$ cat input.pdb   # PDB, C-alpha atoms, pLDDT in the B column
ATOM      1  CA  SER A  17      -5.362 -16.972   8.091  1.00 43.00           C
ATOM      2  CA  PHE A  18      -4.903 -13.516   6.611  1.00 45.00           C
ATOM      3  CA  SER A  19      -6.531 -10.631   8.438  1.00 50.00           C
ATOM      4  CA  ASN A  20      -6.752  -7.353   6.528  1.00 52.00           C
ATOM      5  CA  GLU A  21      -6.790  -5.381   9.791  1.00 54.00           C
ATOM      6  CA  SER A  22      -3.533  -6.910  11.066  1.00 57.00           C
ATOM      7  CA  PHE A  23      -1.650  -6.206   7.826  1.00 62.00           C
ATOM      8  CA  HIS A  24      -0.991  -2.816   6.320  1.00 73.00           C
ATOM      9  CA  TRP A  25       1.349  -1.271   3.808  1.00 86.00           C
ATOM     10  CA  SER A  26       3.796   1.481   4.627  1.00 91.00           C
ATOM     11  CA  SER A  27       2.475   5.029   4.883  1.00 93.00           C
ATOM     12  CA  TYR A  28       4.440   5.880   1.762  1.00 94.00           C
ATOM     13  CA  THR A  29       2.439   3.283  -0.188  1.00 95.00           C
ATOM     14  CA  TYR A  30      -0.856   4.863   0.896  1.00 95.00           C
ATOM     15  CA  ARG A  31       0.537   8.240  -0.181  1.00 96.00           C
ATOM     16  CA  ILE A  32       1.324   6.828  -3.627  1.00 96.00           C
ATOM     17  CA  ALA A  33      -2.247   5.544  -3.908  1.00 96.00           C
ATOM     18  CA  ALA A  34      -3.561   8.982  -2.904  1.00 97.00           C
ATOM     19  CA  VAL A  35      -1.400  10.660  -5.572  1.00 97.00           C
ATOM     20  CA  ARG A  36      -2.646   8.203  -8.188  1.00 96.00           C
ATOM     21  CA  ASN A  37      -6.216   9.095  -7.267  1.00 95.00           C
ATOM     22  CA  LEU A  38      -5.361  12.792  -7.500  1.00 95.00           C
ATOM     23  CA  GLY A  39      -3.905  12.121 -10.953  1.00 93.00           C
ATOM     24  CA  ARG A  40      -7.159  10.473 -12.010  1.00 91.00           C
ATOM     25  CA  VAL A  41      -9.095  13.519 -10.868  1.00 89.00           C
ATOM     26  CA  LEU A  42      -6.756  15.948 -12.629  1.00 89.00           C
ATOM     27  CA  GLU A  43      -6.792  13.905 -15.854  1.00 86.00           C
ATOM     28  CA  SER A  44     -10.565  14.153 -16.009  1.00 81.00           C
ATOM     29  CA  ASN A  45     -10.546  17.649 -17.414  1.00 73.00           C
ATOM     30  CA  GLU A  46     -13.863  17.005 -19.120  1.00 69.00           C
ATOM     31  CA  THR A  47     -16.870  18.880 -17.854  1.00 66.00           C
ATOM     32  CA  THR A  48     -18.803  16.602 -15.544  1.00 68.00           C
ATOM     33  CA  PHE A  49     -22.290  16.901 -14.177  1.00 72.00           C
ATOM     34  CA  PRO A  50     -24.194  15.201 -11.345  1.00 74.00           C
ATOM     35  CA  GLY A  51     -24.943  11.627 -12.314  1.00 75.00           C
ATOM     36  CA  ASP A  52     -22.049  11.477 -14.807  1.00 81.00           C
ATOM     37  CA  PRO A  53     -20.529   7.961 -14.643  1.00 85.00           C
ATOM     38  CA  LEU A  54     -17.009   9.471 -14.713  1.00 86.00           C
ATOM     39  CA  LEU A  55     -17.752  11.499 -11.596  1.00 86.00           C
ATOM     40  CA  ASP A  56     -19.130   8.412  -9.872  1.00 87.00           C
ATOM     41  CA  LYS A  57     -15.988   6.445 -10.775  1.00 91.00           C
ATOM     42  CA  LEU A  58     -13.683   9.160  -9.429  1.00 90.00           C
ATOM     43  CA  ASP A  59     -15.717   9.381  -6.242  1.00 90.00           C
ATOM     44  CA  ALA A  60     -15.489   5.604  -5.831  1.00 94.00           C
ATOM     45  CA  HIS A  61     -11.672   5.749  -6.026  1.00 94.00           C
ATOM     46  CA  LEU A  62     -11.537   8.375  -3.274  1.00 93.00           C
ATOM     47  CA  VAL A  63     -14.036   6.606  -1.029  1.00 94.00           C
ATOM     48  CA  ASN A  64     -12.366   3.225  -1.478  1.00 95.00           C
ATOM     49  CA  TRP A  65      -8.992   4.682  -0.525  1.00 94.00           C
ATOM     50  CA  LYS A  66     -10.427   5.723   2.832  1.00 94.00           C
ATOM     51  CA  LEU A  67     -12.454   2.552   3.360  1.00 93.00           C
ATOM     52  CA  HIS A  68      -9.434   0.313   2.853  1.00 91.00           C
ATOM     53  CA  LEU A  69      -7.167   2.123   5.290  1.00 93.00           C
ATOM     54  CA  PRO A  70      -6.286  -0.056   8.249  1.00 91.00           C
ATOM     55  CA  HIS A  71      -7.233   1.364  11.628  1.00 88.00           C
ATOM     56  CA  ALA A  72      -3.599   2.272  12.369  1.00 87.00           C
ATOM     57  CA  LYS A  73      -3.467   4.538   9.285  1.00 91.00           C
ATOM     58  CA  ARG A  74      -6.739   6.420   9.818  1.00 91.00           C
ATOM     59  CA  GLU A  75      -5.045   8.896  12.133  1.00 92.00           C
ATOM     60  CA  CYS A  76      -1.934  10.915  11.382  1.00 93.00           C
ATOM     61  CA  PHE A  77      -0.300  10.118  14.720  1.00 92.00           C
ATOM     62  CA  ASN A  78       1.199   6.775  15.664  1.00 84.00           C
ATOM     63  CA  THR A  79       0.734   5.062  19.030  1.00 83.00           C
ATOM     64  CA  ASN A  80       3.655   7.057  20.474  1.00 89.00           C
ATOM     65  CA  GLY A  81       1.970  10.332  19.565  1.00 91.00           C
ATOM     66  CA  GLN A  82       4.433  11.115  16.779  1.00 94.00           C
ATOM     67  CA  LEU A  83       3.226  12.572  13.482  1.00 96.00           C
ATOM     68  CA  ASP A  84       3.354  10.168  10.547  1.00 93.00           C
ATOM     69  CA  GLU A  85       4.192  12.676   7.808  1.00 95.00           C
ATOM     70  CA  MET A  86       3.557  10.315   4.900  1.00 95.00           C
ATOM     71  CA  ILE A  87       0.064   9.329   6.039  1.00 95.00           C
ATOM     72  CA  PHE A  88      -0.639  12.996   6.872  1.00 96.00           C
ATOM     73  CA  GLN A  89       0.266  13.911   3.291  1.00 97.00           C
ATOM     74  CA  ALA A  90      -1.832  11.050   1.953  1.00 96.00           C
ATOM     75  CA  HIS A  91      -4.870  12.289   3.887  1.00 96.00           C
ATOM     76  CA  MET A  92      -4.292  15.868   2.755  1.00 97.00           C
ATOM     77  CA  ILE A  93      -3.992  14.804  -0.898  1.00 96.00           C
ATOM     78  CA  THR A  94      -7.201  12.795  -0.650  1.00 95.00           C
ATOM     79  CA  GLU A  95      -9.148  15.556   1.080  1.00 92.00           C
ATOM     80  CA  ALA A  96      -7.930  18.328  -1.235  1.00 85.00           C
TER      81      ALA A  96
END
$ encode --input "input.pdb" --output "structure tokens"
Amino acid sequence: SFSNESFHWSSYTYRIAAVRNLGRVLESNETTFPGDPLLDKLDAHLVNWKLHLPHAKRECFNTNGQLDEMIFQAHMITEA
């Protein structure tokens, strides 16, 4: 059986997803206001990115204590 928690993509793949989300935000140059469906959709993309991270990718350091630069960048892009 397939367990989502035991499988994860490379850190680079999560960085690509973060950049795509950033692109969505930057493309929405329209003025938005609270309750705007576009704002809700953009927020959902950002929240879902974080919710679907496997446990091993939620921190920027691997089990050996080394910095995972790609996942660090992905987190920074998402939080920016």
$ residues_around --input "input.pdb" --residues "range 57-66 of chain A" --least-positions-apart "3" --cutoff "8 Å" --atoms "only C-alpha atoms" --output "list in words"
Ala33, Ala34, Asn37, Arg40, Val41, Pro53, Leu54, Leu69, Arg74 and Thr94 of chain A
$ resolve_selection --input "input.pdb" --expression "the PyMOL selection byres ((chain A and resi 28) around 10)" --output "NGL selection string"
:A and (25-27 or 29-34 or 84-87 or 89-90)
$ closest_residue --input "input.pdb" --among "A:His24, A:His68, A:Val35, A:Glu75" --to "Ala96 in chain A" --atoms "only C-alpha atoms"
A:Val35
$ atom_distance --input "input.pdb" --atom1 "CA of Ala72 in chain A" --atom2 "CA of Gly39 in chain A"
25.3 Å
$ atom_distance --input "input.pdb" --atom1 "CA of Ile93 in chain A" --atom2 "CA of Arg36 in chain A"
9.9 Å
$ axis_aligned_box --input "input.pdb" --around "range 74-90 of chain A" --padding-each-side "6 Å" --output "lines of an AutoDock Vina configuration file"
center_x = -1.2
center_y = 9.5
center_z = 11.2
size_x = 23.2
size_y = 20.8
size_z = 30.5
$ atom_distance --input "input.pdb" --atom1 "CA of Leu38 in chain A" --atom2 "CA of Lys73 in chain A"
18.8 Å
